[in-house]
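Text of data_31.txt (compact mmCIF, C-alpha atoms) as supplied:
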```txt
# COMPACT_ATOMS: atom_id res chain seq x y z
CA MET A 1482 -80.32 -70.88 95.43
CA LEU A 1483 -83.14 -71.74 97.82
CA ILE A 1484 -86.44 -72.61 96.15
CA GLN A 1485 -89.39 -71.45 98.21
CA PRO A 1486 -92.78 -73.15 98.05
CA LYS A 1487 -95.40 -71.11 96.18
CA THR A 1488 -97.35 -69.51 99.02
CA PRO A 1489 -99.35 -66.29 98.73
CA GLU A 1490 -97.43 -64.61 101.58
CA VAL A 1491 -93.66 -64.40 102.07
CA ARG A 1492 -91.46 -62.89 104.77
CA VAL A 1493 -89.23 -59.97 103.87
CA PRO A 1494 -85.55 -60.97 104.19
CA LYS A 1495 -82.98 -58.86 106.03
CA LEU A 1496 -81.20 -56.91 103.31
CA VAL A 1497 -79.41 -54.23 105.37
CA GLY A 1498 -75.67 -54.82 105.27
CA LEU A 1499 -75.74 -56.81 102.04
CA MET A 1500 -74.07 -55.70 98.83
CA ALA A 1501 -76.43 -54.78 96.01
CA MET A 1502 -75.88 -57.99 94.06
CA ASP A 1503 -76.39 -60.14 97.18
CA ALA A 1504 -79.54 -58.19 98.07
CA ARG A 1505 -80.97 -58.83 94.59
CA GLU A 1506 -80.24 -62.57 94.83
CA THR A 1507 -81.69 -62.83 98.35
CA ALA A 1508 -84.83 -60.95 97.35
CA THR A 1509 -85.35 -63.14 94.30
CA ALA A 1510 -84.89 -66.31 96.36
CA GLN A 1511 -87.48 -65.08 98.90
CA GLY A 1512 -90.02 -64.08 96.24
CA VAL A 1513 -89.92 -60.28 96.51
CA LEU A 1514 -88.83 -57.56 94.11
CA LEU A 1515 -86.42 -54.71 94.90
CA ALA A 1516 -86.58 -50.99 94.16
CA ALA A 1517 -83.87 -48.44 94.93
CA PRO A 1518 -85.00 -44.80 94.62
CA ASP A 1519 -81.46 -43.46 95.19
CA ARG A 1520 -79.94 -45.67 92.45
CA PRO A 1521 -81.49 -45.28 88.97
CA ASP A 1522 -78.94 -47.83 87.70
CA PHE A 1523 -79.79 -50.34 90.44
CA HIS A 1524 -79.68 -53.34 88.09
CA ARG A 1525 -75.96 -52.57 87.47
CA THR A 1526 -75.03 -51.65 91.06
CA VAL A 1527 -72.71 -54.29 92.54
CA VAL A 1528 -70.67 -53.35 95.60
CA ASP A 1529 -72.75 -50.66 97.33
CA TYR A 1530 -74.19 -51.74 100.69
CA VAL A 1531 -77.86 -51.52 101.68
CA VAL A 1532 -78.28 -49.16 104.67
CA ARG A 1533 -82.10 -49.11 104.96
CA GLN A 1534 -85.07 -51.13 103.78
CA TYR A 1535 -88.86 -50.98 103.87
CA PRO A 1536 -90.81 -53.05 104.82
CA PRO A 1537 -88.62 -54.24 107.68
CA PRO A 1538 -87.20 -57.77 107.83
CA GLY A 1539 -89.71 -60.41 108.89
CA ALA A 1540 -92.80 -58.55 107.67
CA GLU A 1541 -95.29 -60.69 105.76
CA VAL A 1542 -96.01 -59.37 102.28
CA PRO A 1543 -97.69 -60.85 99.19
CA ARG A 1544 -95.36 -62.82 96.92
CA GLY A 1545 -93.92 -60.44 94.31
CA ALA A 1546 -94.29 -57.34 96.54
CA VAL A 1547 -91.71 -54.57 96.17
CA VAL A 1548 -89.17 -53.99 98.96
CA THR A 1549 -87.52 -50.58 98.81
CA VAL A 1550 -83.82 -50.40 99.69
CA TRP A 1551 -81.51 -47.41 100.09
CA PHE A 1552 -77.76 -47.26 99.70
CA ASP A 1553 -77.15 -43.77 101.16
CA PHE A 1554 -78.19 -42.35 104.50
CA ALA A 1555 -80.80 -39.59 104.35
CA ASP A 1556 -80.14 -36.20 105.99
CA GLY A 1557 -79.90 -36.55 109.76
CA GLU A 1558 -79.47 -40.34 109.74
CA GLY A 1559 -75.78 -40.36 110.59
CA GLY A 1560 -74.18 -41.02 107.23
CA GLY A 1561 -71.53 -38.35 107.82
CA GLY A 1562 -68.89 -40.56 109.38
CA ALA A 1563 -67.51 -40.40 112.88
CA GLY A 1564 -66.76 -36.69 112.89
CA VAL A 1565 -63.87 -34.93 114.57
CA ARG A 1566 -62.77 -36.65 117.75
CA GLU A 1567 -59.45 -35.01 118.66
CA PRO A 1568 -58.27 -32.89 120.33
CA ARG A 1569 -60.53 -33.35 123.31
CA LEU A 1570 -60.66 -30.33 125.56
CA PRO A 1571 -60.07 -30.19 128.44
CA ARG A 1572 -57.37 -32.76 128.11
CA PRO A 1573 -57.61 -35.81 130.37
CA GLY A 1574 -55.43 -35.83 133.47
CA GLY A 1575 -52.22 -37.80 133.86
CA GLY A 1576 -54.07 -40.69 135.47
CA GLY A 1577 -52.13 -43.81 136.28
CA LEU A 1578 -51.65 -45.20 139.78
CA GLU A 1579 -51.14 -41.78 141.30
CA ARG A 1580 -54.66 -40.83 140.36
CA GLU A 1581 -56.25 -44.09 141.49
CA LEU A 1582 -54.50 -44.64 144.83
CA ASP A 1583 -53.60 -42.39 147.72
CA ARG A 1584 -49.90 -41.74 148.13
CA PRO A 1585 -48.43 -44.26 150.54
CA GLY A 1586 -47.17 -43.00 153.86
CA ASP A 1587 -43.92 -43.91 155.57
CA ALA A 1588 -43.92 -47.69 156.06
CA PHE A 1589 -41.85 -47.36 159.27
CA GLU A 1590 -43.89 -44.59 160.87
CA PRO A 1591 -44.80 -45.52 164.46
CA VAL A 1592 -48.48 -46.10 165.03
CA SER A 1593 -49.77 -44.28 168.09
CA SER A 1594 -52.29 -46.09 170.21
CA PRO A 1595 -55.17 -44.15 171.80
```
What do you get writing this file as structure tokens?
Amino acid sequence: MLIQPKTPEVRVPKLVGLMAMDARETATAQGVLLAAPDRPDFHRTVVDYVVRQYPPPGAEVPRGAVVTVWFDFADGEGGGGAGVREPRLPRPGGGGLERELDRPGDAFEPVSSP
């Protein structure tokens, strides 16, 4: 654990992407407290991942300030997965070399000069 000097201001650590237990440890080491409005049992949450935080990473806050973290996406934030991707219509063409290059002509065709 990193021991920070006792200064009145601290920088908010990046918590997005961390598991709940790692986020708690990181916050404690940096001198901030955590709150999770979508997890009433936050002190027991272990393997859920932080998806949002406020204030953002790098912001200067007073030592002991509360950083709010969320573990679920809010409506309209893209937490619904990748969605349906197949079948794509219209279907892609055959492609390959025939699509990329013109068909070759006869290699032995006489070339007429003007």
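Between atom CA of A:Asp1522 and atom CA of A:Glu1541 the separation is 27.5 Å.
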Check the smallest atom-to-atom distance from each of A:Glu1506, A:Val1497, A:Arg1544, A:Phe1552 to A:Phe1523 using only C-alpha atoms, then report the winner.
->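 Residue with the minimum atom-to-atom distance to A:Phe1523: A:Phe1552.
Of the listed residues A:Val1513, A:Ala1546, A:Leu1496, A:Ala1508, the one whose atoms come nearest to A:Gln1534 is A:Leu1496, with distances taken using all atoms listed in the file.
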Which is closer to A:Asp1503 than all the others in A:Pro1521, A:Ala1516, A:Asp1529, A:Thr1488, using only C-alpha atoms?
->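 Looking at the shortest contact to A:Asp1503, the residue is A:Asp1529.
Between A:Pro1538 and the candidates A:Pro1489, A:Pro1494, A:Pro1518, A:Gly1512, the tightest atom-to-atom separation, counting all atoms listed in the file, involves A:Pro1494.
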Coordinates-based distance that separates atom CA of A:Arg1525 from atom CA of A:Glu1490 (Å, one decimal) |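 Straight-line distance from atom CA of A:Glu1490 to atom CA of A:Arg1525 works out to 28.4 Å.
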Once you add 8 Å to each side, what are the centre and edge lengths of the axis-aligned box holding all listed atoms of stretch 1525-1542 of chain A? One decimal in Å, as lines of an AutoDock Vina configuration file, if you can.
```
center_x = -83.3
center_y = -54.9
center_z = 98.2
size_x = 41.3
size_y = 27.6
size_z = 37.4
```
Selection: 9 Å around A:Arg1505, all atoms listed in the file, excl. self and same-chain fewer than 4 positions, as a PyMOL selection string = chain A and resi 1496+1500-1501+1509-1510+1514-1515+1524
Gap from atom CA of A:Lys1495 to atom CA of A:Asp1553 - Å, one decimal = 16.9 Å
Nearest-residue call for A:Val1491, choices A:Ala1504, A:Ala1540, A:Val1528, A:Ala1517, using all atoms listed in the file = A:Ala1540
Restricting to all atoms listed in the file, whichever of A:Met1502, A:Val1550, A:Tyr1535, A:Pro1543 is closest to A:Asp1519 is A:Val1550
